[in-house]
$ cat target08.txt   # compact mmCIF, C-alpha atoms
# COMPACT_ATOMS: atom_id res chain seq x y z
CA MET A 1 93.22 56.24 156.69
CA ASP A 2 91.99 56.79 160.22
CA GLU A 3 90.68 60.24 159.27
CA LEU A 4 88.05 58.48 157.13
CA ILE A 5 86.96 55.91 159.72
CA ASP A 6 83.38 57.23 159.80
CA LYS A 7 83.04 57.53 156.03
CA THR A 8 81.44 54.94 153.76
CA ALA A 9 83.48 52.03 152.46
CA ALA A 10 83.04 53.30 148.88
CA LEU A 11 84.53 56.69 149.81
CA ARG A 12 87.43 55.09 151.70
CA ARG A 13 88.16 52.86 148.68
CA ALA A 14 88.17 55.87 146.35
CA VAL A 15 90.60 57.82 148.56
CA GLY A 16 92.83 54.74 148.85
CA ARG A 17 92.89 54.33 145.08
CA LEU A 18 93.68 58.04 144.63
CA ARG A 19 96.61 57.68 147.04
CA GLU A 20 97.86 54.62 145.15
CA MET A 21 97.57 56.37 141.80
CA LEU A 22 98.75 59.88 142.73
CA GLY A 23 101.02 59.12 145.68
CA ALA A 24 100.41 58.67 149.37
CA GLU A 25 101.60 62.23 150.10
CA ALA A 26 100.05 63.90 147.02
CA PHE A 27 97.19 65.59 148.89
CA ASP A 28 95.70 66.23 152.30
CA ILE A 29 92.28 65.09 153.41
CA VAL A 30 90.10 68.08 154.32
CA ASP A 31 86.82 67.05 155.87
CA ARG A 32 84.52 70.04 156.24
CA TRP A 33 81.63 67.62 155.83
CA ASP A 34 82.09 65.40 158.88
CA GLY A 35 78.32 64.89 159.11
CA ASP A 36 78.23 63.66 155.51
CA LEU A 37 79.48 60.08 155.48
CA CYS A 38 79.57 60.01 151.66
CA ALA A 39 81.70 63.12 151.01
CA VAL A 40 85.22 64.38 151.59
CA GLY A 41 87.66 66.92 150.22
CA VAL A 42 91.20 66.42 149.01
CA ALA A 43 93.37 69.52 148.90
CA ARG A 44 96.79 70.77 147.90
CA ARG A 45 99.19 70.11 150.73
CA ASP A 46 100.46 73.70 150.58
CA ASP A 47 97.05 75.38 150.15
CA HIS A 48 93.87 73.79 151.46
CA GLY A 49 91.89 76.44 149.58
CA VAL A 50 92.60 74.49 146.39
CA LEU A 51 90.24 71.63 146.99
CA VAL A 52 88.36 68.86 145.23
CA TYR A 53 85.17 67.85 147.03
CA PHE A 54 83.68 64.56 145.96
CA SER A 55 80.71 62.51 147.01
CA THR A 56 79.40 59.01 146.46
CA PHE A 57 75.90 59.88 147.69
CA ASP A 58 73.13 58.50 145.50
CA ARG A 59 75.67 57.29 142.92
CA ALA A 60 76.33 53.84 141.52
CA GLU A 61 79.49 52.12 142.78
CA GLY A 62 82.52 53.83 141.28
CA ARG A 63 80.63 57.00 140.27
CA TYR A 64 81.14 60.42 141.88
CA PHE A 65 79.82 63.97 142.09
CA VAL A 66 82.79 66.37 142.06
CA SER A 67 83.02 70.06 142.96
CA LEU A 68 86.15 72.19 142.63
CA GLU A 69 87.08 75.08 144.92
CA LEU A 70 89.71 77.81 144.79
CA PRO A 71 90.66 80.36 147.46
CA SER A 72 88.71 83.62 147.49
CA SER A 73 90.04 87.11 148.08
CA ASP A 74 86.64 88.04 149.55
CA PRO A 75 86.74 87.57 153.34
CA GLU A 76 82.98 86.89 153.39
CA ASN A 77 83.32 83.95 151.00
CA PRO A 78 86.05 81.45 151.90
CA TYR A 79 86.18 79.90 148.42
CA VAL A 80 85.24 80.36 144.80
CA ALA A 81 83.45 77.59 142.94
CA ALA A 82 85.68 76.44 140.08
CA GLY A 83 83.57 73.76 138.41
CA GLU A 84 81.33 70.75 138.95
CA PHE A 85 81.05 67.30 137.45
CA ASP A 86 77.86 65.39 138.11
CA ASP A 87 78.60 61.73 137.38
CA VAL A 88 82.21 60.73 136.74
CA GLY A 89 84.03 57.43 136.99
CA PHE A 90 87.17 56.85 139.03
CA ASP A 91 89.67 57.50 136.22
CA GLU A 92 88.05 60.85 135.48
CA LEU A 93 87.96 61.67 139.21
CA ALA A 94 91.71 60.96 139.42
CA SER A 95 92.35 63.11 136.35
CA ILE A 96 90.31 65.98 137.81
CA VAL A 97 92.18 65.75 141.14
CA ARG A 98 95.57 65.64 139.38
CA ARG A 99 94.73 68.65 137.20
CA HIS A 100 93.04 70.80 139.87
CA LEU A 101 95.72 70.20 142.50
CA SER A 102 98.49 70.64 139.89
CA LEU A 103 99.98 67.22 140.58
CA ARG A 104 102.44 65.53 138.24

$ encode --input "target08.txt" --output "structure tokens"
Amino acid sequence: MDELIDKTAALRRAVGRLREMLGAEAFDIVDRWDGDLCAVGVARRDDHGVLVYFSTFDRAEGRYFVSLELPSSDPENPYVAAGEFDDVGFDELASIVRRHLSLR
């Protein structure tokens, strides 16, 4: 998990648990928020436009803010917002990732 070396321990733990639950190769890490140590994106391996952004900022341990993105056909907007969840636990985060990325 070297790509998350600068992220918080809570975020690294969450990504590790997602990989354990969904599979080590189930998604790619997409970090458009390198200045934000509490946030990261996980995306479909075949389409990084299908992305789940999640953050641990200002959340209790094991709680997450989640935002979903889909690719846009508008060249001026790289993505379309596809939903938000303000305060979810890990199991719900994993379920959201599985569903949004169309994982088995």

$ residues_around --input "target08.txt" --residues "region 32-34 of chain A" --least-positions-apart "6" --cutoff "9 Å" --atoms "all atoms listed in the file" --output "PDB file with C-alpha atoms, in the frame of the given file"
ATOM      1  CA  ASP A   6      83.380  57.230 159.800  1.00  0.00           C
ATOM      2  CA  LYS A   7      83.040  57.530 156.030  1.00  0.00           C
ATOM      3  CA  VAL A  40      85.220  64.380 151.590  1.00  0.00           C
ATOM      4  CA  GLY A  41      87.660  66.920 150.220  1.00  0.00           C
TER       5      GLY A  41
END

$ atom_distance --input "target08.txt" --atom1 "CA of Phe90 (chain A)" --atom2 "CA of Arg63 (chain A)"
6.7 Å

$ residues_around --input "target08.txt" --residues "region 11-14 of chain A" --least-positions-apart "6" --cutoff "7 Å" --atoms "only C-alpha atoms" --output "VMD selection string"
chain A and resid 4 38 56

$ closest_residue --input "target08.txt" --among "A:Pro75, A:Phe54, A:Gly83, A:Ala43" --to "Glu25 (chain A)" --atoms "all atoms listed in the file"
A:Ala43

$ atom_distance --input "target08.txt" --atom1 "CA of Val52 (chain A)" --atom2 "CA of Ser72 (chain A)"
14.9 Å

$ residues_around --input "target08.txt" --residues "His48 (chain A)" --least-positions-apart "4" --cutoff "8 Å" --atoms "only C-alpha atoms" --output "PyMOL selection string"
chain A and resi 28+30+43-44

$ closest_residue --input "target08.txt" --among "A:Arg59, A:Arg45, A:Arg104, A:Arg17" --to "Asp87 (chain A)" --atoms "all atoms listed in the file"
A:Arg59

$ atom_distance --input "target08.txt" --atom1 "CA of Ala60 (chain A)" --atom2 "CA of Leu37 (chain A)"
15.6 Å

$ residues_around --input "target08.txt" --residues "Pro78 (chain A)" --least-positions-apart "2" --cutoff "12 Å" --atoms "all atoms listed in the file" --output "ChimeraX atom specification"
/A:48-51,69-76,80-81
